[in-house]
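work_4.cif, holding mmCIF, C-alpha atoms:
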```cif
data_coords
#
loop_
_atom_site.label_atom_id
_atom_site.label_comp_id
_atom_site.auth_asym_id
_atom_site.auth_seq_id
_atom_site.Cartn_x
_atom_site.Cartn_y
_atom_site.Cartn_z
CA MET A 1 99.92 93.77 109.98
CA SER A 2 100.92 97.44 109.76
CA LEU A 3 103.59 98.72 107.42
CA ARG A 4 106.07 100.97 109.13
CA ALA A 5 106.74 104.21 107.30
CA PRO A 6 110.35 104.96 106.27
CA ARG A 7 112.21 107.01 108.86
CA LYS A 8 112.48 110.01 106.54
CA LEU A 9 108.71 110.02 105.99
CA GLN A 10 108.10 109.69 109.73
CA LYS A 11 110.24 112.77 110.35
CA LEU A 12 108.26 114.71 107.73
CA GLN A 13 104.96 113.69 109.30
CA GLN A 14 106.16 114.55 112.80
CA ALA A 15 107.32 117.97 111.64
CA LEU A 16 104.03 118.71 109.88
CA HIS A 17 101.99 117.60 112.89
CA ALA A 18 104.13 119.59 115.34
CA LYS A 19 103.79 122.76 113.26
CA ALA A 20 100.03 122.31 112.90
CA LYS A 21 99.66 121.71 116.64
CA GLU A 22 101.86 124.64 117.57
CA SER A 23 100.24 127.11 115.12
CA PRO A 24 96.47 126.48 114.75
CA GLU A 25 96.15 129.32 112.21
CA PHE A 26 99.15 128.38 110.06
CA ARG A 27 98.47 127.54 106.38
CA PHE A 28 100.88 125.14 104.73
CA TYR A 29 102.07 126.48 101.39
CA ALA A 30 104.73 124.03 100.12
CA LEU A 31 103.31 120.51 100.15
CA TYR A 32 102.92 119.45 96.52
CA ASP A 33 106.58 118.52 96.05
CA LYS A 34 106.28 116.13 99.02
CA LEU A 35 103.75 114.00 97.11
CA TYR A 36 106.25 112.70 94.57
CA ARG A 37 109.13 112.14 96.97
CA GLU A 38 110.48 108.61 96.55
CA ASP A 39 109.84 107.62 100.18
CA VAL A 40 106.28 109.01 100.14
CA LEU A 41 105.20 107.43 96.85
CA GLY A 42 106.96 104.17 97.68
CA HIS A 43 105.22 103.83 101.02
CA ALA A 44 101.90 104.84 99.42
CA TYR A 45 102.29 102.01 96.93
CA ARG A 46 103.04 99.48 99.66
CA LEU A 47 99.95 100.54 101.61
CA ALA A 48 97.77 100.33 98.50
CA ARG A 49 99.24 96.92 97.68
CA ARG A 50 98.49 95.63 101.17
CA ASN A 51 94.88 96.79 100.89
CA GLY A 52 94.58 95.01 97.55
CA GLY A 53 91.39 95.53 95.64
CA GLU A 54 90.25 95.18 92.08
CA PRO A 55 91.53 97.19 89.09
CA GLY A 56 89.88 100.46 88.14
CA VAL A 57 88.57 101.56 84.74
CA ASP A 58 91.99 101.09 83.10
CA GLY A 59 92.11 97.39 84.04
CA GLU A 60 95.60 97.70 85.52
CA ALA A 61 96.21 95.24 88.39
CA PHE A 62 99.02 95.05 90.93
CA THR A 63 100.38 91.98 89.14
CA ASP A 64 100.66 94.05 85.94
CA ILE A 65 102.62 96.73 87.79
CA GLU A 66 104.95 94.20 89.36
CA ALA A 67 105.58 92.57 85.98
CA TYR A 68 106.32 96.01 84.53
CA GLY A 69 108.57 96.95 87.46
CA VAL A 70 107.34 98.78 90.57
CA GLU A 71 110.26 101.25 90.72
CA ARG A 72 109.86 102.09 87.05
CA TRP A 73 106.10 102.52 87.47
CA LEU A 74 106.52 104.76 90.54
CA GLY A 75 109.17 106.81 88.72
CA GLU A 76 106.69 107.53 85.94
CA ARG A 77 104.03 108.57 88.46
CA ALA A 78 106.53 110.88 90.16
CA GLN A 79 107.42 112.46 86.84
CA GLU A 80 103.75 113.00 85.99
CA LEU A 81 103.22 114.79 89.27
CA LYS A 82 106.40 116.80 89.03
CA GLU A 83 105.56 118.03 85.52
CA LYS A 84 101.90 118.68 86.48
CA ARG A 85 100.73 116.16 83.85
CA TYR A 86 98.83 113.95 86.28
CA ARG A 87 95.08 113.72 85.62
CA ALA A 88 92.62 111.71 87.70
CA SER A 89 90.84 108.81 85.97
CA PRO A 90 87.12 108.02 86.23
CA VAL A 91 86.03 105.85 89.14
CA ARG A 92 84.57 102.38 88.51
CA ARG A 93 81.32 101.93 90.39
CA VAL A 94 80.23 98.60 91.84
CA TYR A 95 77.33 97.79 94.13
CA ILE A 96 77.51 95.83 97.37
CA PRO A 97 74.31 94.14 98.66
CA LYS A 98 73.03 95.40 102.04
CA ALA A 99 71.16 93.42 104.67
CA ASN A 100 67.92 95.33 103.94
CA GLY A 101 67.96 94.22 100.30
CA LYS A 102 69.24 97.53 98.99
CA ARG A 103 72.67 98.09 97.45
CA ARG A 104 75.50 100.37 98.54
CA ALA A 105 77.50 102.08 95.82
CA LEU A 106 81.26 101.79 96.07
CA GLY A 107 83.81 103.56 93.90
CA ILE A 108 87.00 101.83 92.76
CA PRO A 109 89.66 104.29 91.59
CA THR A 110 92.52 103.09 89.40
CA ILE A 111 95.60 101.85 91.26
CA ARG A 112 97.43 104.89 89.90
CA ASP A 113 94.89 107.18 91.59
CA ARG A 114 94.84 105.09 94.77
CA VAL A 115 98.60 105.40 95.15
CA VAL A 116 98.65 109.17 94.56
CA GLN A 117 95.67 109.69 96.90
CA THR A 118 97.43 107.63 99.56
CA ALA A 119 100.50 109.84 99.14
CA MET A 120 98.25 112.86 99.66
CA VAL A 121 96.86 111.27 102.85
CA LEU A 122 100.37 110.59 104.16
CA VAL A 123 101.19 114.29 103.79
CA LEU A 124 97.90 115.87 104.89
CA ARG A 125 96.77 113.56 107.69
CA PRO A 126 99.40 114.77 110.23
CA ILE A 127 98.23 118.35 109.62
CA PHE A 128 94.51 117.73 110.02
CA GLU A 129 94.99 115.24 112.84
CA ALA A 130 96.03 118.23 114.95
CA ASP A 131 92.61 119.81 114.31
CA LEU A 132 90.23 116.86 114.63
CA GLN A 133 88.21 116.81 117.82
CA PRO A 134 88.60 114.23 120.62
CA GLU A 135 84.98 113.16 120.07
CA GLN A 136 85.89 111.90 116.57
CA TYR A 137 87.04 108.27 116.57
CA ALA A 138 87.00 107.02 112.98
CA TYR A 139 90.05 106.46 110.78
CA ARG A 140 92.51 107.77 113.38
CA GLU A 141 95.61 106.07 114.67
CA GLY A 142 95.24 104.96 118.27
CA ARG A 143 91.44 105.28 118.18
CA SER A 144 88.77 102.74 117.38
CA ALA A 145 85.05 102.09 117.25
CA GLN A 146 85.38 100.30 120.58
CA ASP A 147 86.76 103.52 122.09
CA ALA A 148 83.67 105.36 120.84
CA VAL A 149 81.46 102.66 122.40
CA ARG A 150 83.28 103.07 125.73
CA HIS A 151 82.88 106.86 125.53
CA VAL A 152 79.11 106.58 125.10
CA HIS A 153 78.94 104.05 127.92
CA ARG A 154 80.77 106.47 130.27
CA LEU A 155 78.39 109.30 129.40
CA LEU A 156 75.34 107.13 130.07
CA ASN A 157 76.76 106.16 133.46
CA THR A 158 77.40 109.80 134.41
CA GLY A 159 73.89 111.11 133.84
CA TYR A 160 73.76 111.75 130.09
CA THR A 161 70.82 109.39 129.73
CA GLU A 162 68.69 111.13 127.11
CA VAL A 163 70.11 110.16 123.74
CA ILE A 164 69.66 111.47 120.20
CA ASP A 165 70.35 108.44 118.01
CA ALA A 166 71.07 110.33 114.79
CA ASP A 167 71.34 109.27 111.18
CA LEU A 168 72.36 111.31 108.13
CA SER A 169 71.06 110.55 104.65
CA ASP A 170 73.89 109.69 102.22
CA TYR A 171 76.52 111.63 104.15
CA PHE A 172 79.43 110.84 101.81
CA ASP A 173 77.39 111.73 98.71
CA SER A 174 76.01 114.92 100.28
CA ILE A 175 79.17 116.73 101.40
CA PRO A 176 79.22 120.06 99.51
CA HIS A 177 82.44 120.64 97.60
CA ALA A 178 82.73 124.40 98.19
CA GLU A 179 82.43 124.11 101.97
CA LEU A 180 84.68 121.03 102.05
CA MET A 181 87.39 122.84 100.09
CA GLN A 182 87.10 125.76 102.52
CA SER A 183 87.86 123.32 105.33
CA VAL A 184 90.92 122.08 103.44
CA ALA A 185 92.08 125.57 102.41
CA ARG A 186 91.89 126.76 106.01
CA ARG A 187 95.09 124.77 106.52
CA VAL A 188 96.49 124.31 102.99
CA SER A 189 97.31 127.18 100.67
CA ASP A 190 99.31 125.17 98.13
CA ARG A 191 97.27 125.69 94.96
CA HIS A 192 98.60 122.55 93.27
CA VAL A 193 97.46 120.37 96.17
CA LEU A 194 94.03 122.02 96.14
CA ALA A 195 93.71 121.60 92.37
CA LEU A 196 94.60 117.92 92.63
CA MET A 197 92.00 117.38 95.32
CA LYS A 198 89.34 119.09 93.19
CA GLN A 199 90.11 116.66 90.36
CA TRP A 200 89.29 113.69 92.58
CA LEU A 201 86.05 115.26 93.79
CA VAL A 202 84.57 115.72 90.31
CA VAL A 203 85.84 112.70 88.34
CA PRO A 204 83.16 110.86 86.33
CA VAL A 205 81.79 107.53 87.50
CA GLU A 206 81.76 104.57 85.13
CA GLU A 207 79.45 101.58 85.51
CA ASP A 208 77.67 98.85 83.54
CA ASP A 209 74.82 100.17 81.44
CA GLY A 210 72.93 96.87 81.69
CA ARG A 211 73.36 96.13 77.99
CA GLY A 212 76.94 94.89 78.00
CA GLY A 213 78.43 98.35 77.65
CA ARG A 214 79.65 101.09 79.96
CA ARG A 215 78.25 104.50 80.80
CA ARG A 216 79.80 107.50 82.50
CA THR A 217 78.01 110.02 84.68
CA THR A 218 79.18 113.29 86.20
CA ARG A 219 76.82 113.52 89.16
CA ALA A 220 79.45 114.83 91.61
CA LYS A 221 80.58 117.52 89.17
CA ASP A 222 77.02 118.52 88.28
CA SER A 223 75.71 118.61 91.85
CA LYS A 224 78.97 119.91 93.34
CA ARG A 225 78.56 117.40 96.14
CA GLY A 226 79.97 114.12 97.34
CA ILE A 227 83.24 112.35 97.96
CA PRO A 228 83.92 108.96 96.36
CA GLN A 229 83.39 106.13 98.85
CA GLY A 230 86.15 103.58 98.57
CA ALA A 231 88.87 106.10 97.71
CA PRO A 232 91.86 106.40 100.11
CA LEU A 233 91.25 110.12 100.59
CA SER A 234 87.56 109.78 101.54
CA PRO A 235 88.01 108.92 105.25
CA LEU A 236 90.18 111.99 105.85
CA LEU A 237 87.77 114.29 104.00
CA SER A 238 84.70 112.86 105.75
CA ASN A 239 86.32 113.43 109.15
CA LEU A 240 87.36 116.92 108.16
CA TYR A 241 83.85 117.94 107.19
CA MET A 242 82.23 116.31 110.24
CA ARG A 243 84.66 118.35 112.33
CA ARG A 244 82.62 121.42 111.38
CA PHE A 245 79.64 120.00 113.23
CA VAL A 246 81.54 118.67 116.24
CA LEU A 247 83.58 121.85 116.72
CA GLY A 248 80.65 124.14 115.96
CA TRP A 249 78.52 122.40 118.58
CA LYS A 250 81.08 123.38 121.20
CA THR A 251 82.10 126.84 119.99
CA LEU A 252 78.46 127.93 119.70
CA GLY A 253 78.04 126.96 123.35
CA LEU A 254 75.50 124.20 122.69
CA GLU A 255 77.49 121.52 124.50
CA ALA A 256 77.68 123.59 127.69
CA ARG A 257 74.23 125.18 127.55
CA LEU A 258 72.34 122.02 126.67
CA GLN A 259 74.62 119.59 128.54
CA ALA A 260 74.72 117.58 125.31
CA ARG A 261 77.85 115.66 124.28
CA ILE A 262 78.65 114.30 120.82
CA VAL A 263 80.37 110.98 120.09
CA ASN A 264 81.18 110.56 116.40
CA TYR A 265 82.44 107.71 114.25
CA ALA A 266 82.56 108.43 110.49
CA ASP A 267 78.98 109.36 109.51
CA ASP A 268 77.50 107.91 112.72
CA PHE A 269 77.02 109.99 115.85
CA VAL A 270 74.95 110.19 118.99
CA LEU A 271 74.15 113.13 121.24
CA CYS A 272 74.07 112.21 124.93
CA CYS A 273 72.10 114.79 126.93
CA ARG A 274 71.12 115.57 130.50
CA GLY A 275 67.36 115.95 130.01
CA THR A 276 67.65 118.39 127.09
CA GLY A 277 67.02 116.00 124.20
CA GLY A 278 64.22 118.04 122.64
CA GLU A 279 66.29 121.22 122.43
CA ALA A 280 69.34 119.29 121.30
CA MET A 281 67.35 117.66 118.49
CA VAL A 282 66.19 121.07 117.21
CA ALA A 283 69.70 122.53 117.43
CA MET A 284 71.23 119.52 115.67
CA ARG A 285 68.75 119.75 112.80
CA GLY A 286 69.48 123.46 112.43
CA MET A 287 73.24 122.94 112.30
CA MET A 288 72.96 120.12 109.77
CA GLY A 289 70.82 122.35 107.58
CA ARG A 290 73.50 125.04 107.62
CA LEU A 291 76.10 122.41 106.77
CA LYS A 292 73.90 121.35 103.80
CA LEU A 293 73.49 117.84 105.19
CA THR A 294 70.18 115.99 105.53
CA VAL A 295 68.96 114.32 108.72
CA ASN A 296 67.23 111.02 108.06
CA GLU A 297 64.08 111.63 110.08
CA GLU A 298 62.90 108.02 109.79
CA LYS A 299 66.02 106.68 111.50
CA THR A 300 66.76 109.57 113.88
CA ARG A 301 65.09 109.29 117.27
CA ARG A 302 65.26 110.42 120.86
CA CYS A 303 65.32 107.79 123.58
CA ARG A 304 65.62 107.72 127.36
CA ILE A 305 67.91 105.27 129.05
CA PRO A 306 67.39 102.87 130.82
CA GLN A 307 63.68 102.70 129.94
CA GLU A 308 64.59 102.37 126.26
CA GLN A 309 67.62 101.20 124.32
CA PHE A 310 69.49 102.18 121.15
CA ASP A 311 72.13 100.80 118.81
CA PHE A 312 75.42 102.51 118.00
CA LEU A 313 78.32 100.97 116.08
CA SER A 314 76.56 97.57 116.19
CA TYR A 315 76.32 97.56 120.00
CA THR A 316 73.03 97.82 121.86
CA PHE A 317 73.06 100.23 124.84
CA GLY A 318 70.52 99.81 127.60
CA ARG A 319 69.56 97.95 130.74
CA CYS A 320 71.40 94.68 131.39
CA TYR A 321 71.08 92.24 134.28
CA SER A 322 73.80 90.48 136.22
CA PRO A 323 73.46 86.70 135.76
CA LYS A 324 74.69 86.18 139.33
CA SER A 325 72.74 88.75 141.34
CA GLY A 326 70.01 89.80 138.94
CA ARG A 327 71.01 93.42 139.54
CA ALA A 328 70.19 95.84 136.72
CA TYR A 329 72.94 98.02 135.32
CA MET A 330 73.71 100.17 132.28
CA GLY A 331 75.56 98.06 129.75
CA THR A 332 76.39 97.23 126.16
CA ARG A 333 75.97 94.02 124.24
CA PRO A 334 76.21 92.91 120.59
CA SER A 335 73.12 94.09 118.73
CA LYS A 336 70.68 91.63 117.18
CA LYS A 337 71.66 92.91 113.73
CA SER A 338 75.33 92.21 114.41
CA ILE A 339 74.51 88.62 115.41
CA GLN A 340 72.35 88.18 112.32
CA LYS A 341 75.14 89.60 110.16
CA VAL A 342 77.80 87.19 111.43
CA CYS A 343 75.35 84.30 111.05
CA ARG A 344 74.77 85.30 107.42
CA ALA A 345 78.53 85.25 106.87
CA LEU A 346 78.76 81.81 108.49
CA ARG A 347 75.85 80.57 106.41
CA GLU A 348 77.55 81.71 103.22
CA ALA A 349 80.86 80.14 104.31
CA THR A 350 79.15 76.77 104.87
CA SER A 351 77.09 76.67 101.68
CA ARG A 352 77.29 73.89 99.11
CA ARG A 353 79.69 75.84 96.92
CA TRP A 354 82.53 75.11 99.40
CA LEU A 355 82.05 71.34 99.63
CA GLN A 356 85.31 70.74 97.77
CA ARG A 357 87.31 72.16 100.70
CA ALA A 358 89.06 69.94 103.22
CA PRO A 359 87.41 70.06 106.68
CA GLU A 360 90.53 71.67 108.20
CA GLU A 361 90.53 74.39 105.54
CA GLN A 362 86.83 74.99 106.05
CA VAL A 363 87.24 75.32 109.82
CA ALA A 364 90.16 77.74 109.39
CA GLY A 365 87.89 79.98 107.32
CA LEU A 366 85.11 79.84 109.91
CA ASN A 367 87.58 80.62 112.68
CA ARG A 368 88.69 83.79 110.88
CA ILE A 369 85.07 84.97 110.81
CA LEU A 370 84.44 84.03 114.45
CA VAL A 371 87.63 85.50 115.89
CA GLY A 372 87.29 88.74 113.93
CA TRP A 373 83.71 89.17 115.14
CA ALA A 374 84.55 88.30 118.76
CA ASN A 375 87.58 90.63 118.82
CA TYR A 376 85.25 93.54 118.14
CA PHE A 377 82.34 92.33 120.24
CA SER A 378 84.28 91.91 123.47
CA LEU A 379 82.68 94.70 125.54
CA GLY A 380 80.00 94.07 128.13
CA PRO A 381 77.99 90.88 128.67
CA VAL A 382 78.67 88.91 125.50
CA SER A 383 78.15 85.35 126.78
CA LYS A 384 74.57 85.03 125.48
CA ALA A 385 75.57 86.28 122.03
CA TYR A 386 78.64 84.05 121.95
CA ARG A 387 76.57 80.98 122.84
CA ALA A 388 74.07 81.78 120.10
CA VAL A 389 76.82 82.15 117.50
CA ASP A 390 78.52 78.96 118.74
CA ALA A 391 75.28 77.02 118.39
CA TYR A 392 74.65 78.33 114.90
CA THR A 393 78.24 77.65 113.79
CA SER A 394 78.26 74.04 115.01
CA LYS A 395 74.87 73.42 113.37
CA ARG A 396 76.05 74.83 110.04
CA LEU A 397 79.38 73.00 110.17
CA ARG A 398 77.65 69.67 110.89
CA ARG A 399 75.31 70.30 107.98
CA TRP A 400 78.30 71.05 105.75
CA LEU A 401 80.08 67.86 106.88
CA ARG A 402 76.94 65.77 106.26
CA LYS A 403 76.63 67.13 102.73
CA LYS A 404 80.32 66.63 102.06
CA HIS A 405 80.34 63.03 103.28
CA LYS A 406 76.76 62.29 102.10
CA GLN A 407 75.59 61.37 105.61
CA PRO A 408 71.89 61.26 106.65
CA GLY A 409 70.40 62.71 109.83
CA GLN A 410 71.55 65.69 111.90
CA GLY A 411 75.17 64.58 112.14
CA VAL A 412 75.44 64.92 115.93
CA ALA A 413 76.50 61.31 116.45
CA ARG A 414 78.92 61.23 113.52
CA PHE A 415 80.31 64.71 114.19
CA PRO A 416 80.06 65.37 117.96
CA ASP A 417 81.36 68.50 119.69
CA GLU A 418 84.64 66.79 120.51
CA TYR A 419 85.28 66.23 116.81
CA LEU A 420 84.36 69.80 115.85
CA TYR A 421 86.26 71.57 118.61
CA THR A 422 89.13 69.20 119.48
CA VAL A 423 89.91 67.38 116.24
CA LEU A 424 89.05 70.08 113.69
CA GLY A 425 89.90 72.98 116.00
CA LEU A 426 86.70 75.00 115.60
CA GLU A 427 86.80 78.18 117.69
CA ARG A 428 84.41 78.13 120.64
CA LEU A 429 83.54 81.71 121.48
CA SER A 430 81.89 80.94 124.81
CA VAL A 431 85.28 79.79 126.16
CA ARG A 432 86.78 83.21 125.39
CA THR A 433 84.63 85.08 127.92
CA GLY A 434 86.87 84.02 130.82
CA ASN A 435 89.76 85.91 129.25
CA LEU A 436 87.92 89.20 128.71
CA PRO A 437 89.01 92.14 130.90
CA TRP A 438 85.63 92.59 132.60
CA ALA A 439 85.64 88.90 133.57
CA LYS A 440 88.89 89.35 135.46
CA ALA A 441 87.91 92.59 137.20
#
```

Show me, as structure tokens, the structure contained in the file I just sent.
Amino acid sequence: MSLRAPRKLQKLQQALHAKAKESPEFRFYALYDKLYREDVLGHAYRLARRNGGEPGVDGEAFTDIEAYGVERWLGERAQELKEKRYRASPVRRVYIPKANGKRRALGIPTIRDRVVQTAMVLVLRPIFEADLQPEQYAYREGRSAQDAVRHVHRLLNTGYTEVIDADLSDYFDSIPHAELMQSVARRVSDRHVLALMKQWLVVPVEEDDGRGGRRRTTRAKDSKRGIPQGAPLSPLLSNLYMRRFVLGWKTLGLEARLQARIVNYADDFVLCCRGTGGEAMVAMRGMMGRLKLTVNEEKTRRCRIPQEQFDFLSYTFGRCYSPKSGRAYMGTRPSKKSIQKVCRALREATSRRWLQRAPEEQVAGLNRILVGWANYFSLGPVSKAYRAVDAYTSKRLRRWLRKKHKQPGQGVARFPDEYLYTVLGLERLSVRTGNLPWAKA
């Protein structure tokens, strides 16, 4: 559920966006005082509160702030900013397990920093939104990963059938600070805003030292690279730096000369070409080198459609077959990894640790997983994937019910489909396909 910005803030954002759109060379010089406006900070707090999250290094939680008094707390933050006393705190690092067994580092700023960064985003996003390219789909209002999937699908169906499936190594940690700040300063000349942004780029990272203590490192400051993943400002900055590549590809004439089109979502992108994949690959590597980014050669490949297939944004693109006529066509479907990922989530949700739940509560949790997954994977022929997920879900739920009620066997007789789907209300994805747009076309 979205939070509507106060009318006064909306007017500010509209004015900033209109000026940026009207004057592509204009540099905004009076933005800092907007950060501590009551409407801006107040809305920033509400957005941060909705997103939730754990406390940062200071241990301060939203419940602590609410007990203290939100207005009082925001007033103190505004005064800090106004008097130029605000200083960014270290970021708390945690690690999230990945499907391949590795771990992804995530930074958790303090709530104080999250609120001020969100205020910065509220002020800067309308300006930079005017400059982002139409091929960029991530973190933008009115655009989605599904839109990027549709864009790639259109290109494949109009002859752009040689694809560079690209991957960058540690994009967020590799973005060079000097070049990133140049991208910001091209539009923002307010030195206080720029100084504040530099603080966030170089804050230390704090994590467990493995011996019950804490250690701090200054890798970003030392290497002069990287933006903290998990911080509210990171999506805007990542888009802004990727814009250099997307815009440069066009202004250098590579898009026209090579007939090679980019579709970008965050740090993921593909190049769809008309038989010029080899040249496009060389040109892309050269540009990334100049941008001081590293192409992951192990994961970057060139493929020809429809003979081959590739994955982008968890969809597989390639040859599909009509179940009615057997006719081959260019289509998209949920990737095998995406099916495995949702099954892992369902497996975790039906493990022994949740046996104390009531069956209705358990099914409500499973339905949230299923509906969320199906809402995203609703493009192309999804019936086969839906049936596979349905079968796995019913099997896991029966197993959970057997363990809960200490029943032997497979549980099919005791817990038939009618009980799972009609009595408990388990979501059946395969029924949803009749309501998808392509099914009604």

Hits from the PyMOL selection byres ((chain A and resi 213-226) around 6), listed as a CSV table (one decimal) with C-alpha atoms, keeping the file's coordinate frame:
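So result.csv came out as:
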```csv
chain,number,residue,atom,x,y,z
A,172,PHE,CA,79.4,110.8,101.8
A,173,ASP,CA,77.4,111.7,98.7
A,174,SER,CA,76.0,114.9,100.3
A,175,ILE,CA,79.2,116.7,101.4
A,176,PRO,CA,79.2,120.1,99.5
A,177,HIS,CA,82.4,120.6,97.6
A,202,VAL,CA,84.6,115.7,90.3
A,204,PRO,CA,83.2,110.9,86.3
A,205,VAL,CA,81.8,107.5,87.5
A,206,GLU,CA,81.8,104.6,85.1
A,207,GLU,CA,79.4,101.6,85.5
A,208,ASP,CA,77.7,98.8,83.5
A,209,ASP,CA,74.8,100.2,81.4
A,211,ARG,CA,73.4,96.1,78.0
A,212,GLY,CA,76.9,94.9,78.0
A,227,ILE,CA,83.2,112.4,98.0
```

> How would you write, as number ranges by chain, the residues chosen by the PyMOL selection byres ((chain A and resi 187) around 12) on this structure?
Replying inline: A: 16-17, 19-21, 23-31, 124-131, 180-186, 188-191, 193-194, 240

> Which residues fall under the PyMOL selection byres ((chain A and resi 291) around 10) in this file, as a ChimeraX atom specification?
Replying inline: /A:174-176,179-180,241-242,244-245,285-290,292-294

Selected residues written out, C-alpha atoms, as an mmCIF file, keeping the file's coordinate frame:
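The result, written out as out.cif:
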```cif
data_model
loop_
_atom_site.group_PDB
_atom_site.id
_atom_site.type_symbol
_atom_site.label_atom_id
_atom_site.label_comp_id
_atom_site.auth_asym_id
_atom_site.auth_seq_id
_atom_site.Cartn_x
_atom_site.Cartn_y
_atom_site.Cartn_z
ATOM 1 C CA SER A 174 76.010 114.920 100.280
ATOM 2 C CA ILE A 175 79.170 116.730 101.400
ATOM 3 C CA PRO A 176 79.220 120.060 99.510
ATOM 4 C CA GLU A 179 82.430 124.110 101.970
ATOM 5 C CA LEU A 180 84.680 121.030 102.050
ATOM 6 C CA TYR A 241 83.850 117.940 107.190
ATOM 7 C CA MET A 242 82.230 116.310 110.240
ATOM 8 C CA ARG A 244 82.620 121.420 111.380
ATOM 9 C CA PHE A 245 79.640 120.000 113.230
ATOM 10 C CA ARG A 285 68.750 119.750 112.800
ATOM 11 C CA GLY A 286 69.480 123.460 112.430
ATOM 12 C CA MET A 287 73.240 122.940 112.300
ATOM 13 C CA MET A 288 72.960 120.120 109.770
ATOM 14 C CA GLY A 289 70.820 122.350 107.580
ATOM 15 C CA ARG A 290 73.500 125.040 107.620
ATOM 16 C CA LYS A 292 73.900 121.350 103.800
ATOM 17 C CA LEU A 293 73.490 117.840 105.190
ATOM 18 C CA THR A 294 70.180 115.990 105.530
#
```

Here's a test: counting all atoms listed in the file, identify every protein, DNA and RNA residue with an atom at most 12 Å from (64.3, 116.7, 122.1) in the file's coordinate frame, and state them as a short mmCIF file (atom, residue, chain, number, x, y, z; two decimals) with C-alpha atoms, in the frame of the given file.
```
data_model
loop_
_atom_site.label_atom_id
_atom_site.label_comp_id
_atom_site.auth_asym_id
_atom_site.auth_seq_id
_atom_site.Cartn_x
_atom_site.Cartn_y
_atom_site.Cartn_z
CA GLU A 162 68.69 111.13 127.11
CA VAL A 163 70.11 110.16 123.74
CA ILE A 164 69.66 111.47 120.20
CA ASP A 165 70.35 108.44 118.01
CA ALA A 166 71.07 110.33 114.79
CA LEU A 258 72.34 122.02 126.67
CA ALA A 260 74.72 117.58 125.31
CA LEU A 271 74.15 113.13 121.24
CA CYS A 272 74.07 112.21 124.93
CA CYS A 273 72.10 114.79 126.93
CA ARG A 274 71.12 115.57 130.50
CA GLY A 275 67.36 115.95 130.01
CA THR A 276 67.65 118.39 127.09
CA GLY A 277 67.02 116.00 124.20
CA GLY A 278 64.22 118.04 122.64
CA GLU A 279 66.29 121.22 122.43
CA ALA A 280 69.34 119.29 121.30
CA MET A 281 67.35 117.66 118.49
CA VAL A 282 66.19 121.07 117.21
CA ALA A 283 69.70 122.53 117.43
CA MET A 284 71.23 119.52 115.67
CA ARG A 285 68.75 119.75 112.80
CA THR A 300 66.76 109.57 113.88
CA ARG A 301 65.09 109.29 117.27
CA ARG A 302 65.26 110.42 120.86
CA CYS A 303 65.32 107.79 123.58
CA ARG A 304 65.62 107.72 127.36
#
```

Build an axis-aligned box that encloses every atom of region 224-238 of chain A listed in the file, pad it by 6 Å on each side, and report its centre and edge lengths in Å to one decimal, as AutoDock Vina command-line options.
```
--center_x 85.2 --center_y 111.7 --center_z 99.6 --size_x 25.3 --size_y 28.3 --size_z 24.5
```

>> Counting all atoms listed in the file, which residue out of A:Thr161, A:Gln10, A:Arg72, A:Pro232 sits closest to Gly52 (chain A)?
In response: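 Closest residue, counting all atoms listed in the file: A:Pro232.
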
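Interatomic distance, CA of Ala345 (chain A) against CA of Tyr315 (chain A): 18.1 Å.
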
> For the atom pair CA of Tyr160 (chain A) and CA of Ala374 (chain A), what is the interatomic distance in Å to one decimal place?
Replying inline: 28.2 Å

>> Could you check the closest approach to Arg154 (chain A) for each of A:Thr332, A:Thr63, A:Thr433, A:Ser238 and tell me which residue wins, using all atoms listed in the file?
In response: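 Smallest separation from Arg154 (chain A) among the options: A:Thr332.
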
>> I'd like the interatomic distance between CA of Leu379 (chain A) and CA of Asn239 (chain A), to a tenth of an Å.
In response: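 Going from CA of Leu379 (chain A) over to CA of Asn239 (chain A) covers 25.2 Å.
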
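Checking A:Arg140, A:Ser378, A:Arg357, A:Ile339 one by one against Thr393 (chain A), counting only C-alpha atoms, you find the shortest gap at A:Ile339.
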
Show me, as JSON lines, the residues of region 243-341 of chain A having an atom within 10 Å of region 384-388 of chain A, each with the closest atom pair and its distance in Å, using all atoms listed in the file.
```
{"residue": "A:Arg333", "atom": "CA", "partner": "A:Ala385", "partner_atom": "CA", "distance": 8.1}
{"residue": "A:Pro334", "atom": "CA", "partner": "A:Ala385", "partner_atom": "CA", "distance": 6.8}
{"residue": "A:Ser335", "atom": "CA", "partner": "A:Ala385", "partner_atom": "CA", "distance": 8.8}
{"residue": "A:Lys336", "atom": "CA", "partner": "A:Ala385", "partner_atom": "CA", "distance": 8.7}
{"residue": "A:Ser338", "atom": "CA", "partner": "A:Ala385", "partner_atom": "CA", "distance": 9.7}
{"residue": "A:Ile339", "atom": "CA", "partner": "A:Ala385", "partner_atom": "CA", "distance": 7.1}
```

Residue subset to file, keeping C-alpha atoms, as an mmCIF file, in the coordinates of the input:
```
data_model
loop_
_atom_site.group_PDB
_atom_site.id
_atom_site.type_symbol
_atom_site.label_atom_id
_atom_site.label_comp_id
_atom_site.auth_asym_id
_atom_site.auth_seq_id
_atom_site.Cartn_x
_atom_site.Cartn_y
_atom_site.Cartn_z
ATOM 1 C CA ARG A 333 75.970 94.020 124.240
ATOM 2 C CA PRO A 334 76.210 92.910 120.590
ATOM 3 C CA SER A 335 73.120 94.090 118.730
ATOM 4 C CA LYS A 336 70.680 91.630 117.180
ATOM 5 C CA SER A 338 75.330 92.210 114.410
ATOM 6 C CA ILE A 339 74.510 88.620 115.410
#
```
